[in-house]
>>> print(open('data06.txt').read())   # compact mmCIF, C-alpha atoms
# COMPACT_ATOMS: atom_id res chain seq x y z
CA MET A 1 16.14 -30.62 6.57
CA VAL A 2 16.76 -32.74 9.64
CA ARG A 3 19.90 -34.45 8.40
CA TYR A 4 23.19 -33.62 10.14
CA ALA A 5 26.78 -34.65 9.51
CA SER A 6 27.36 -35.55 13.17
CA LEU A 7 25.69 -35.56 16.57
CA ALA A 8 27.40 -32.30 17.51
CA GLU A 9 25.86 -30.56 14.53
CA SER A 10 22.37 -31.74 15.50
CA VAL A 11 22.42 -29.71 18.73
CA GLY A 12 19.71 -27.05 18.84
CA HIS A 13 16.96 -26.65 16.20
CA THR A 14 14.50 -27.66 18.92
CA PRO A 15 10.72 -27.59 18.37
CA LEU A 16 8.53 -24.73 19.58
CA VAL A 17 5.14 -26.19 20.46
CA GLY A 18 1.94 -24.38 21.36
CA LEU A 19 0.29 -24.86 24.75
CA PRO A 20 -3.37 -24.50 23.71
CA VAL A 21 -4.82 -25.71 27.02
CA LEU A 22 -2.68 -23.56 29.32
CA SER A 23 -2.96 -20.46 27.10
CA PRO A 24 -5.64 -18.15 28.52
CA SER A 25 -6.99 -16.91 25.16
CA GLU A 26 -6.43 -16.63 21.41
CA SER A 27 -4.55 -13.38 21.94
CA VAL A 28 -2.49 -14.45 24.96
CA ARG A 29 -0.66 -17.60 24.01
CA LEU A 30 2.03 -19.75 25.60
CA TRP A 31 4.65 -21.71 23.69
CA ALA A 32 7.15 -24.30 24.91
CA LYS A 33 10.62 -24.58 23.40
CA LEU A 34 11.50 -28.21 24.07
CA GLU A 35 15.20 -28.36 24.85
CA ASP A 36 15.00 -32.01 25.89
CA TYR A 37 15.23 -32.73 22.14
CA ASN A 38 18.97 -32.07 22.36
CA PRO A 39 21.36 -35.09 22.25
CA THR A 40 21.85 -35.45 26.03
CA GLY A 41 18.36 -34.21 26.79
CA SER A 42 18.95 -30.65 27.92
CA ILE A 43 19.59 -27.10 26.75
CA LYS A 44 23.15 -27.34 28.12
CA ASP A 45 24.35 -29.16 25.00
CA ARG A 46 24.35 -25.78 23.25
CA ALA A 47 26.65 -24.15 25.82
CA ALA A 48 28.88 -27.19 26.39
CA LEU A 49 29.77 -27.64 22.72
CA ARG A 50 30.35 -23.94 22.23
CA MET A 51 32.60 -23.66 25.30
CA ILE A 52 34.69 -26.63 24.14
CA LYS A 53 34.92 -25.27 20.60
CA ALA A 54 36.03 -21.86 21.93
CA ALA A 55 38.64 -23.43 24.23
CA GLU A 56 39.99 -25.52 21.33
CA ALA A 57 40.15 -22.44 19.10
CA ASP A 58 42.09 -20.32 21.60
CA GLY A 59 44.48 -23.15 22.41
CA ALA A 60 43.40 -23.63 26.04
CA LEU A 61 42.20 -27.15 25.28
CA ARG A 62 44.69 -29.54 23.66
CA PRO A 63 44.20 -33.18 22.66
CA GLY A 64 44.02 -35.51 25.66
CA ALA A 65 43.44 -32.67 28.13
CA THR A 66 41.49 -32.99 31.38
CA ILE A 67 38.44 -30.77 31.76
CA LEU A 68 37.17 -29.80 35.22
CA GLU A 69 33.73 -28.26 35.80
CA PRO A 70 31.48 -27.44 38.75
CA THR A 71 27.90 -28.41 37.84
CA SER A 72 24.57 -29.35 39.37
CA GLY A 73 24.15 -31.89 36.57
CA ASN A 74 23.03 -30.89 33.10
CA THR A 75 26.13 -28.95 32.06
CA GLY A 76 28.24 -31.84 33.26
CA ILE A 77 26.22 -34.36 31.26
CA SER A 78 26.50 -32.21 28.12
CA LEU A 79 30.23 -31.72 28.65
CA ALA A 80 30.63 -35.47 29.16
CA MET A 81 29.12 -36.11 25.74
CA ALA A 82 31.22 -33.36 24.13
CA ALA A 83 34.37 -34.55 25.93
CA LYS A 84 33.81 -38.06 24.65
CA LEU A 85 33.51 -36.73 21.09
CA GLY A 86 36.67 -34.67 21.54
CA GLY A 87 38.72 -37.31 23.38
CA TYR A 88 39.04 -35.39 26.66
CA ARG A 89 38.89 -36.59 30.24
CA LEU A 90 36.13 -34.88 32.27
CA ILE A 91 35.92 -34.40 36.03
CA CYS A 92 32.70 -32.87 37.40
CA VAL A 93 32.34 -31.37 40.85
CA MET A 94 28.71 -31.84 41.83
CA PRO A 95 26.80 -31.19 45.07
CA GLU A 96 26.07 -34.48 46.84
CA ASN A 97 22.37 -33.58 47.14
CA THR A 98 21.57 -34.01 43.44
CA SER A 99 19.47 -36.79 41.91
CA PRO A 100 21.13 -40.21 41.30
CA GLU A 101 20.00 -40.16 37.65
CA ARG A 102 22.31 -37.22 36.99
CA ARG A 103 25.23 -39.16 38.46
CA ASP A 104 24.30 -42.24 36.41
CA MET A 105 24.21 -40.24 33.21
CA LEU A 106 27.58 -38.64 33.88
CA THR A 107 29.01 -42.11 34.40
CA VAL A 108 27.38 -43.41 31.20
CA TRP A 109 29.29 -40.78 29.21
CA GLY A 110 32.52 -41.56 31.05
CA ALA A 111 32.85 -38.57 33.37
CA GLU A 112 34.39 -38.80 36.83
CA ILE A 113 32.46 -37.23 39.71
CA ILE A 114 33.80 -35.46 42.78
CA SER A 115 31.05 -34.73 45.29
CA SER A 116 30.92 -31.41 47.11
CA PRO A 117 29.09 -30.94 50.44
CA ALA A 118 25.30 -30.57 50.32
CA ALA A 119 25.25 -27.40 52.42
CA GLY A 120 25.90 -24.49 50.11
CA GLY A 121 24.69 -26.22 46.92
CA SER A 122 26.38 -25.11 43.71
CA ASN A 123 28.28 -22.31 45.48
CA GLU A 124 30.16 -25.02 47.34
CA ALA A 125 30.78 -27.01 44.10
CA ILE A 126 32.33 -23.89 42.58
CA ARG A 127 34.54 -23.38 45.63
CA VAL A 128 35.75 -27.01 45.54
CA ALA A 129 36.38 -26.85 41.76
CA ARG A 130 38.42 -23.65 42.13
CA GLN A 131 40.54 -25.30 44.80
CA LEU A 132 41.12 -28.35 42.56
CA ALA A 133 41.98 -26.10 39.61
CA ALA A 134 44.62 -24.36 41.73
CA GLU A 135 46.10 -27.74 42.71
CA HIS A 136 46.08 -29.01 39.11
CA PRO A 137 47.14 -26.15 36.85
CA ASP A 138 47.13 -28.48 33.82
CA TRP A 139 43.39 -29.12 34.15
CA VAL A 140 41.14 -26.86 32.08
CA MET A 141 38.13 -25.37 33.87
CA LEU A 142 35.68 -24.10 31.25
CA TYR A 143 33.75 -22.32 34.05
CA GLN A 144 30.23 -21.97 32.68
CA TYR A 145 29.42 -19.09 35.08
CA GLY A 146 31.91 -16.73 33.52
CA ASN A 147 32.59 -18.20 30.08
CA PRO A 148 31.29 -15.85 27.34
CA ALA A 149 30.87 -18.87 25.01
CA ASN A 150 28.03 -20.06 27.27
CA ALA A 151 25.92 -16.95 26.62
CA GLU A 152 27.15 -16.75 23.02
CA ALA A 153 25.64 -20.19 22.28
CA HIS A 154 22.20 -18.75 23.05
CA TYR A 155 22.88 -15.47 21.29
CA LEU A 156 23.79 -17.41 18.13
CA THR A 157 21.23 -20.25 18.28
CA THR A 158 18.43 -20.18 20.90
CA GLY A 159 17.50 -16.52 20.31
CA PRO A 160 17.47 -16.69 16.49
CA GLU A 161 15.47 -19.96 16.55
CA ILE A 162 12.77 -18.33 18.70
CA LEU A 163 12.51 -15.26 16.46
CA GLN A 164 12.40 -17.38 13.33
CA ASP A 165 9.65 -19.67 14.65
CA LEU A 166 7.60 -16.93 16.34
CA PRO A 167 8.31 -13.47 14.88
CA GLU A 168 5.44 -12.05 16.99
CA VAL A 169 7.11 -13.13 20.29
CA THR A 170 6.56 -10.68 23.19
CA HIS A 171 8.09 -12.55 26.18
CA VAL A 172 10.80 -15.14 26.71
CA VAL A 173 10.84 -16.91 30.07
CA ALA A 174 13.94 -18.91 30.99
CA GLY A 175 15.55 -20.36 34.08
CA LEU A 176 18.30 -18.54 35.91
CA GLY A 177 21.28 -20.67 36.91
CA THR A 178 24.48 -19.67 35.16
CA THR A 179 22.42 -16.90 33.49
CA GLY A 180 23.85 -18.06 30.12
CA THR A 181 20.46 -18.62 28.44
CA LEU A 182 19.02 -15.32 29.66
CA MET A 183 22.14 -13.32 28.77
CA GLY A 184 22.47 -14.77 25.27
CA VAL A 185 18.77 -14.62 24.40
CA GLY A 186 18.48 -11.24 26.13
CA ARG A 187 21.35 -9.73 24.14
CA PHE A 188 19.95 -11.13 20.90
CA PHE A 189 16.52 -9.60 21.46
CA ALA A 190 17.96 -6.33 22.77
CA GLU A 191 19.48 -5.96 19.30
CA LYS A 192 16.78 -7.49 17.09
CA LYS A 193 13.49 -6.84 18.88
CA PRO A 194 14.11 -4.75 22.01
CA ASP A 195 10.46 -4.70 23.15
CA VAL A 196 10.58 -8.44 23.93
CA LYS A 197 10.44 -8.93 27.70
CA ILE A 198 13.10 -11.23 29.15
CA ILE A 199 11.77 -12.95 32.27
CA ALA A 200 14.00 -14.89 34.66
CA ALA A 201 12.60 -17.74 36.77
CA GLU A 202 14.97 -18.62 39.57
CA PRO A 203 14.57 -21.76 41.68
CA ARG A 204 14.22 -21.08 45.40
CA TYR A 205 15.80 -23.97 47.28
CA GLY A 206 15.42 -25.10 50.87
CA GLU A 207 17.47 -23.72 53.73
CA LEU A 208 20.21 -26.34 53.50
CA VAL A 209 21.24 -25.09 50.07
CA TYR A 210 21.55 -21.53 51.38
CA GLY A 211 23.59 -22.78 54.31
CA LEU A 212 26.42 -20.34 53.80
CA ARG A 213 28.68 -19.27 56.56
CA ASN A 214 28.29 -15.60 55.78
CA LEU A 215 26.74 -13.39 53.14
CA GLU A 216 30.07 -12.56 51.53
CA GLU A 217 30.18 -16.17 50.32
CA GLY A 218 27.14 -15.59 48.11
CA PHE A 219 27.63 -15.92 44.38
CA VAL A 220 26.56 -13.97 41.30
CA PRO A 221 27.75 -15.44 37.98
CA GLU A 222 30.28 -13.21 36.21
CA LEU A 223 28.14 -13.49 33.06
CA TYR A 224 25.14 -11.81 34.69
CA ASP A 225 24.14 -8.39 33.35
CA ALA A 226 20.88 -7.34 35.01
CA SER A 227 20.21 -4.74 32.29
CA LEU A 228 19.34 -7.59 29.88
CA VAL A 229 16.54 -8.89 32.13
CA THR A 230 13.07 -7.30 32.46
CA SER A 231 12.01 -9.01 35.67
CA ARG A 232 13.09 -11.88 37.85
CA PHE A 233 10.99 -14.24 39.94
CA SER A 234 11.87 -16.68 42.68
CA VAL A 235 9.89 -19.94 42.54
CA GLY A 236 9.87 -22.46 45.39
CA SER A 237 9.80 -26.24 45.04
CA ARG A 238 6.07 -26.52 45.77
CA ASP A 239 5.06 -24.20 42.91
CA ALA A 240 7.62 -25.84 40.60
CA VAL A 241 6.25 -29.32 41.28
CA ARG A 242 2.63 -28.14 40.99
CA ARG A 243 3.35 -26.55 37.59
CA VAL A 244 5.42 -29.40 36.21
CA ARG A 245 2.49 -31.71 36.97
CA GLU A 246 0.06 -29.26 35.39
CA LEU A 247 2.19 -29.18 32.22
CA LEU A 248 2.11 -32.99 32.14
CA GLU A 249 -1.62 -33.32 32.94
CA ARG A 250 -2.89 -30.60 30.64
CA GLU A 251 -0.43 -30.50 27.75
CA GLY A 252 1.19 -33.94 27.92
CA ILE A 253 4.70 -32.51 28.28
CA PHE A 254 7.02 -34.38 30.68
CA ALA A 255 9.44 -31.67 31.80
CA GLY A 256 12.14 -31.33 34.45
CA LEU A 257 11.66 -29.45 37.69
CA SER A 258 13.30 -26.17 36.69
CA SER A 259 10.73 -25.98 33.89
CA GLY A 260 7.99 -26.01 36.54
CA ALA A 261 9.44 -22.74 37.81
CA ILE A 262 9.43 -21.37 34.26
CA VAL A 263 5.80 -22.38 33.66
CA HIS A 264 4.89 -20.69 36.96
CA ALA A 265 6.54 -17.41 35.96
CA GLY A 266 5.12 -17.68 32.41
CA LEU A 267 1.54 -18.15 33.60
CA ALA A 268 1.94 -15.07 35.82
CA GLN A 269 3.01 -13.04 32.77
CA ALA A 270 0.03 -14.42 30.81
CA ALA A 271 -2.37 -13.46 33.61
CA LYS A 272 -0.84 -9.98 33.72
CA ALA A 273 -1.36 -9.55 29.95
CA VAL A 274 -4.99 -10.71 30.20
CA LYS A 275 -5.65 -8.26 33.06
CA ALA A 276 -4.08 -5.40 31.10
CA GLY A 277 -6.09 -6.31 27.99
CA GLN A 278 -2.89 -6.82 25.99
CA SER A 279 -2.02 -9.60 23.56
CA ALA A 280 1.06 -11.70 24.29
CA GLU A 281 3.08 -14.50 22.71
CA ILE A 282 5.07 -16.02 25.56
CA VAL A 283 7.90 -18.49 24.98
CA LEU A 284 8.80 -20.81 27.88
CA ILE A 285 12.20 -22.43 27.56
CA ILE A 286 11.74 -25.99 28.79
CA ALA A 287 15.34 -26.81 29.75
CA ASP A 288 15.04 -30.58 30.06
CA GLY A 289 12.70 -33.56 30.40
CA GLY A 290 11.56 -35.19 33.62
CA TRP A 291 13.56 -38.40 33.34
CA LYS A 292 16.42 -37.35 35.59
CA TYR A 293 14.04 -36.40 38.42
CA LEU A 294 11.80 -39.49 38.61
CA SER A 295 13.52 -40.72 41.77
CA THR A 296 12.69 -37.45 43.58
CA GLY A 297 9.02 -38.47 43.65
CA ALA A 298 8.05 -35.13 42.10
CA TYR A 299 5.68 -36.82 39.64
CA SER A 300 4.16 -39.38 41.99
CA ALA A 301 4.41 -38.52 45.70
CA ASP A 302 1.90 -36.20 47.37
CA LEU A 303 2.73 -32.51 47.09
CA ASP A 304 3.74 -32.07 50.75
CA SER A 305 6.30 -34.88 50.76
CA SER A 306 7.66 -33.80 47.34
CA GLU A 307 8.17 -30.32 48.74
CA ASP A 308 9.82 -31.58 51.94
CA PHE A 309 12.22 -33.81 50.03
CA LEU A 310 13.09 -31.28 47.31
CA ASP A 311 13.86 -28.63 49.92
CA THR A 312 16.93 -30.70 50.83
CA GLN A 313 18.04 -31.01 47.19
CA VAL A 314 19.59 -28.93 44.43
CA TRP A 315 16.55 -29.69 42.29
CA ALA A 316 17.14 -27.43 39.30
CA MET B 317 -1.98 -6.48 59.28
CA SER B 318 1.66 -6.13 58.25
CA VAL B 319 4.36 -7.35 55.90
CA GLU B 320 6.03 -10.68 56.66
CA VAL B 321 9.81 -10.73 56.17
CA ARG B 322 11.42 -14.17 55.88
CA ILE B 323 14.94 -14.27 57.22
CA PRO B 324 17.66 -16.63 55.91
CA THR B 325 19.38 -18.95 58.40
CA ILE B 326 22.57 -16.89 58.45
CA LEU B 327 20.77 -13.71 59.59
CA ARG B 328 18.66 -15.27 62.33
CA THR B 329 21.19 -14.28 64.95
CA PHE B 330 19.59 -10.82 64.57
CA THR B 331 16.03 -12.11 65.10
CA GLY B 332 16.59 -14.36 68.10
CA GLY B 333 16.36 -17.38 65.82
CA GLU B 334 12.98 -16.38 64.31
CA LYS B 335 12.46 -17.50 60.67
CA ALA B 336 10.18 -14.56 59.96
CA VAL B 337 9.51 -11.16 61.46
CA HIS B 338 6.77 -8.62 60.72
CA GLY B 339 7.09 -4.99 59.81
CA LYS B 340 5.02 -2.06 58.61
CA GLY B 341 5.62 0.26 55.68
CA VAL B 342 4.54 1.14 52.16
CA THR B 343 8.04 0.59 50.72
CA LEU B 344 10.70 -2.05 51.31
CA GLN B 345 12.87 0.68 52.88
CA GLU B 346 10.18 1.48 55.46
CA VAL B 347 9.60 -2.17 56.26
CA LEU B 348 13.33 -2.77 56.76
CA ASP B 349 13.62 0.33 58.98
CA ASP B 350 10.66 -0.90 61.02
CA ILE B 351 12.02 -4.41 61.59
CA ASP B 352 15.51 -3.04 62.29
CA ALA B 353 14.09 -1.03 65.20
CA ARG B 354 13.23 -4.32 66.94
CA ASN B 355 16.11 -6.36 65.48
CA PRO B 356 19.06 -3.97 65.58
CA GLY B 357 21.77 -4.63 62.99
CA LEU B 358 19.57 -6.65 60.64
CA LYS B 359 19.11 -3.93 58.04
CA GLU B 360 22.83 -3.25 57.83
CA ARG B 361 23.39 -6.89 56.78
CA ILE B 362 20.97 -6.44 53.86
CA VAL B 363 21.60 -2.82 52.85
CA GLU B 364 24.89 -1.03 52.28
CA SER B 365 25.19 2.65 51.29
CA GLU B 366 21.49 2.92 50.46
CA ALA B 367 21.46 -0.13 48.12
CA LEU B 368 21.06 -3.88 48.50
CA ARG B 369 24.28 -5.71 49.24
CA ARG B 370 25.72 -7.50 46.22
CA PHE B 371 25.20 -11.05 47.46
CA VAL B 372 21.75 -10.50 48.95
CA ASN B 373 18.54 -10.92 46.96
CA VAL B 374 15.23 -9.55 48.20
CA TYR B 375 11.88 -10.55 46.75
CA VAL B 376 8.44 -9.01 47.37
CA ASN B 377 5.78 -11.63 46.59
CA ASP B 378 8.45 -13.63 44.73
CA GLU B 379 9.53 -10.73 42.47
CA ASP B 380 13.18 -9.59 42.72
CA VAL B 381 13.01 -5.98 43.94
CA ARG B 382 16.05 -5.00 41.87
CA PHE B 383 13.58 -4.95 38.94
CA SER B 384 10.73 -3.24 40.78
CA GLY B 385 12.22 -0.17 42.43
CA GLY B 386 14.87 -1.58 44.75
CA LEU B 387 14.49 -0.22 48.27
CA ASP B 388 11.61 1.92 46.99
CA ALA B 389 9.69 -1.18 45.85
CA PRO B 390 6.10 -0.84 47.11
CA THR B 391 4.86 -3.09 49.88
CA ALA B 392 1.33 -3.60 51.16
CA ASP B 393 -0.44 -5.41 54.00
CA GLY B 394 -0.18 -9.15 53.53
CA ASP B 395 2.88 -9.04 51.25
CA VAL B 396 5.69 -11.50 51.83
CA VAL B 397 9.29 -10.30 51.63
CA VAL B 398 11.95 -13.02 51.22
CA VAL B 399 15.62 -12.29 51.89
CA LEU B 400 18.09 -14.81 50.44
CA PRO B 401 21.82 -15.07 49.78
CA ALA B 402 22.67 -15.25 46.07
CA VAL B 403 23.42 -18.80 44.92
CA ALA B 404 24.55 -20.43 41.68
CA GLY B 405 22.75 -22.88 39.41
CA GLY B 406 23.80 -24.85 36.33
>>> encode(input="data06.txt", output="structure tokens")
Amino acid sequence: MVRYASLAESVGHTPLVGLPVLSPSESVRLWAKLEDYNPTGSIKDRAALRMIKAAEADGALRPGATILEPTSGNTGISLAMAAKLGGYRLICVMPENTSPERRDMLTVWGAEIISSPAAGGSNEAIRVARQLAAEHPDWVMLYQYGNPANAEAHYLTTGPEILQDLPEVTHVVAGLGTTGTLMGVGRFFAEKKPDVKIIAAEPRYGELVYGLRNLEEGFVPELYDASLVTSRFSVGSRDAVRRVRELLEREGIFAGLSSGAIVHAGLAQAAKAVKAGQSAEIVLIIADGGWKYLSTGAYSADLDSSEDFLDTQVWA
Amino acid sequence: MSVEVRIPTILRTFTGGEKAVHGKGVTLQEVLDDIDARNPGLKERIVESEALRRFVNVYVNDEDVRFSGGLDAPTADGDVVVVLPAVAGG
């Protein structure tokens, strides 16, 4: 059944496709869960709709309200779609060093954008959004980094979809940003199939993005519970670009840059299983497609210049 | 041979501006002690009461050491240790 009463209800139910060329053997297989099949083209539709629904249910969000959210792009785009459906005004605080496509898409769905300084990346966007929230107490900040509905969306949908499509799953590899995907999927498998390994792939940005004034200004999302994660890897822009191209060349999948980091971490898990003589069914959560990153040159420029440019950007 | 430790911008005041320093040791703890001997004060910015500071992440060959033994995480010749402040995504 692929008929839905509305766009909002069509969120999720994304395909899980095999990666026969990248899989090392019959007993160590990789699978891609294609989240770009969601209405705005990313996994964030799941969290955005759930956060809005929860805020409506508890009375925080009333008709005609203004929503404020710090975002590096995808959550903002998903919220813009959901805000349009719900009749809300949306203001996104976004680092200025993000791709123009993300800005264009926010505008398409009617969101307003406030740029935060490039140095400091999303940490800085959060700081600016908190300041704005204090100045405008009537605005509603859903705050994806600490909103339980973010993780709950994945506990209720992403996790169960994976288990239903691949009951023999042994690993789930997902990106680490808000930690919502990892926390929700991690909690689901901790209850239903605790031997599944939850692997976090975290983008490692260039120095500009880590340009904090002191270490106390670092940021760990309130949602994060390290006990739900098995291991965590840091992937730089060069490896992410290399892998996103490999996924395109060898499997025909046009994915976004954060997914390059996920493929990198997933292939390392596959190699580890082969070396240990174990079988493995590894799910890679492909968070979005490559469309929003075309202008970065990641799919066309030579690897060195892609790396140099991306190291100035919040690329995931 | 030794372990390379990459230092984030905000901690380079302890390394005379160097982006990376080298240390010896078979655990992260030993490597940090070794580099601290030549860059006094550096370790204290990374470690607090025998654990990593909350907003500091340390990776050995790209793996977060909080999942591989913490300060006891093994290190070997040629390994790369990366120290980074924790940042958000999303």
>>> closest_residue(input="data06.txt", among="A:Arg232, A:Arg3, A:Arg46, A:Arg204", to="chain B", atoms="all atoms listed in the file")
A:Arg232
>>> closest_residue(input="data06.txt", among="B:Arg370, B:Lys340, B:Lys359, B:Arg354", to="chain A", atoms="all atoms listed in the file")
B:Arg370
>>> residues_around(input="data06.txt", residues="Val397 (chain B)", least_positions_apart="2", cutoff="9 Å", atoms="only C-alpha atoms", output="PyMOL selection string")
chain B and resi 319-323+344+374-378+391+395+399
>>> closest_atom_pairs(input="data06.txt", of="chain A", to="chain B", cutoff="6 Å", atoms="all atoms listed in the file", output="Markdown table")
| residue | atom | partner | partner_atom | distance |
| --- | --- | --- | --- | --- |
| A:Thr71 | CA | B:Gly406 | CA | 5.6 |
| A:Ser72 | CA | B:Gly406 | CA | 5.5 |
| A:Ser122 | CA | B:Ala404 | CA | 5.4 |
| A:Asn123 | CA | B:Ala404 | CA | 5.6 |
| A:Gly177 | CA | B:Gly405 | CA | 3.6 |
| A:Thr178 | CA | B:Gly406 | CA | 5.4 |
| A:Gly218 | CA | B:Ala402 | CA | 4.9 |
| A:Phe219 | CA | B:Val403 | CA | 5.1 |
| A:Ser231 | CA | B:Phe383 | CA | 5.4 |
| A:Arg232 | CA | B:Asp380 | CA | 5.4 |
| A:Phe233 | CA | B:Glu379 | CA | 4.6 |
| A:Ser234 | CA | B:Asp378 | CA | 5.0 |
>>> atom_distance(input="data06.txt", atom1="CA of Val93 (chain A)", atom2="CA of Ser116 (chain A)")
6.4 Å
>>> closest_residue(input="data06.txt", among="A:Ala32, A:Ala255, A:Ala149, A:Met1", to="Lys53 (chain A)", atoms="all atoms listed in the file")
A:Ala149
>>> closest_residue(input="data06.txt", among="A:Glu251, A:Glu307, A:Asp104, A:Gly260", to="Gly18 (chain A)", atoms="only C-alpha atoms")
A:Glu251
>>> residues_near_point(input="data06.txt", point="(5.1, -25.0, 20.7)", cutoff="10 Å", atoms="only C-alpha atoms", output="list in words")
Thr14, Pro15, Leu16, Val17, Gly18, Leu19, Pro20, Arg29, Leu30, Trp31, Ala32, Lys33, Leu34, Asp165, Leu166, Val283 and Leu284 of chain A
>>> atom_distance(input="data06.txt", atom1="CA of Thr230 (chain A)", atom2="CA of Ile199 (chain A)")
5.8 Å
>>> residues_around(input="data06.txt", residues="Tyr299 (chain A)", least_positions_apart="2", cutoff="10 Å", atoms="only C-alpha atoms", output="list in words")
Val241, Arg242, Val244, Arg245, Leu248, Phe254, Gly256, Leu257, Gly290, Tyr293, Leu294, Ser295, Thr296, Gly297, Ala301, Asp302, Leu303 and Ser306 of chain A
>>> atom_distance(input="data06.txt", atom1="CA of Val263 (chain A)", atom2="CA of Ala82 (chain A)")
29.3 Å
>>> closest_residue(input="data06.txt", among="B:Ser318, B:Lys335, B:Gly394, B:Ala367", to="Val347 (chain B)", atoms="all atoms listed in the file")
B:Ser318
>>> residues_around(input="data06.txt", residues="Val274 (chain A)", least_positions_apart="3", cutoff="12 Å", atoms="only C-alpha atoms", output="list in words")
Ser23, Pro24, Ser25, Glu26, Ser27, Val28, Arg29, Leu267, Ala268, Gln269, Ala270, Ala271, Gly277, Gln278, Ser279, Ala280 and Glu281 of chain A
>>> closest_residue(input="data06.txt", among="B:Thr331, B:Val337, B:Gly357, B:Gln345", to="Gly385 (chain B)", atoms="all atoms listed in the file")
B:Gln345
>>> build_atoms(input="data06.txt", residues="region 238-252 of chain A", atoms="N, CA and C atoms", output="PDB file, in the frame of the given file")
ATOM      1  N   ARG A 238       7.476 -26.133  45.817  1.00  0.00           N
ATOM      2  CA  ARG A 238       6.070 -26.520  45.770  1.00  0.00           C
ATOM      3  C   ARG A 238       5.406 -26.022  44.474  1.00  0.00           C
ATOM      4  N   ASP A 239       5.632 -24.742  44.156  1.00  0.00           N
ATOM      5  CA  ASP A 239       5.060 -24.200  42.910  1.00  0.00           C
ATOM      6  C   ASP A 239       5.666 -24.882  41.691  1.00  0.00           C
ATOM      7  N   ALA A 240       6.960 -25.190  41.739  1.00  0.00           N
ATOM      8  CA  ALA A 240       7.620 -25.840  40.600  1.00  0.00           C
ATOM      9  C   ALA A 240       7.019 -27.226  40.352  1.00  0.00           C
ATOM     10  N   VAL A 241       6.815 -27.976  41.421  1.00  0.00           N
ATOM     11  CA  VAL A 241       6.250 -29.320  41.280  1.00  0.00           C
ATOM     12  C   VAL A 241       4.795 -29.239  40.783  1.00  0.00           C
ATOM     13  N   ARG A 242       4.025 -28.330  41.384  1.00  0.00           N
ATOM     14  CA  ARG A 242       2.630 -28.140  40.990  1.00  0.00           C
ATOM     15  C   ARG A 242       2.541 -27.838  39.481  1.00  0.00           C
ATOM     16  N   ARG A 243       3.409 -26.973  38.997  1.00  0.00           N
ATOM     17  CA  ARG A 243       3.350 -26.550  37.590  1.00  0.00           C
ATOM     18  C   ARG A 243       3.870 -27.621  36.638  1.00  0.00           C
ATOM     19  N   VAL A 244       4.875 -28.379  37.078  1.00  0.00           N
ATOM     20  CA  VAL A 244       5.420 -29.400  36.210  1.00  0.00           C
ATOM     21  C   VAL A 244       4.359 -30.500  36.024  1.00  0.00           C
ATOM     22  N   ARG A 245       3.583 -30.732  37.080  1.00  0.00           N
ATOM     23  CA  ARG A 245       2.490 -31.710  36.970  1.00  0.00           C
ATOM     24  C   ARG A 245       1.366 -31.187  36.088  1.00  0.00           C
ATOM     25  N   GLU A 246       1.102 -29.878  36.206  1.00  0.00           N
ATOM     26  CA  GLU A 246       0.060 -29.260  35.390  1.00  0.00           C
ATOM     27  C   GLU A 246       0.432 -29.339  33.899  1.00  0.00           C
ATOM     28  N   LEU A 247       1.711 -29.109  33.604  1.00  0.00           N
ATOM     29  CA  LEU A 247       2.190 -29.180  32.220  1.00  0.00           C
ATOM     30  C   LEU A 247       2.022 -30.606  31.679  1.00  0.00           C
ATOM     31  N   LEU A 248       2.257 -31.590  32.522  1.00  0.00           N
ATOM     32  CA  LEU A 248       2.110 -32.990  32.140  1.00  0.00           C
ATOM     33  C   LEU A 248       0.637 -33.361  31.966  1.00  0.00           C
ATOM     34  N   GLU A 249      -0.193 -32.975  32.950  1.00  0.00           N
ATOM     35  CA  GLU A 249      -1.620 -33.320  32.940  1.00  0.00           C
ATOM     36  C   GLU A 249      -2.373 -32.662  31.788  1.00  0.00           C
ATOM     37  N   ARG A 250      -2.053 -31.379  31.555  1.00  0.00           N
ATOM     38  CA  ARG A 250      -2.890 -30.600  30.640  1.00  0.00           C
ATOM     39  C   ARG A 250      -2.335 -30.507  29.230  1.00  0.00           C
ATOM     40  N   GLU A 251      -1.008 -30.622  29.087  1.00  0.00           N
ATOM     41  CA  GLU A 251      -0.430 -30.500  27.750  1.00  0.00           C
ATOM     42  C   GLU A 251       0.357 -31.741  27.332  1.00  0.00           C
ATOM     43  N   GLY A 252       0.496 -32.697  28.252  1.00  0.00           N
ATOM     44  CA  GLY A 252       1.190 -33.940  27.920  1.00  0.00           C
ATOM     45  C   GLY A 252       2.699 -33.828  27.851  1.00  0.00           C
TER      46      GLY A 252
END
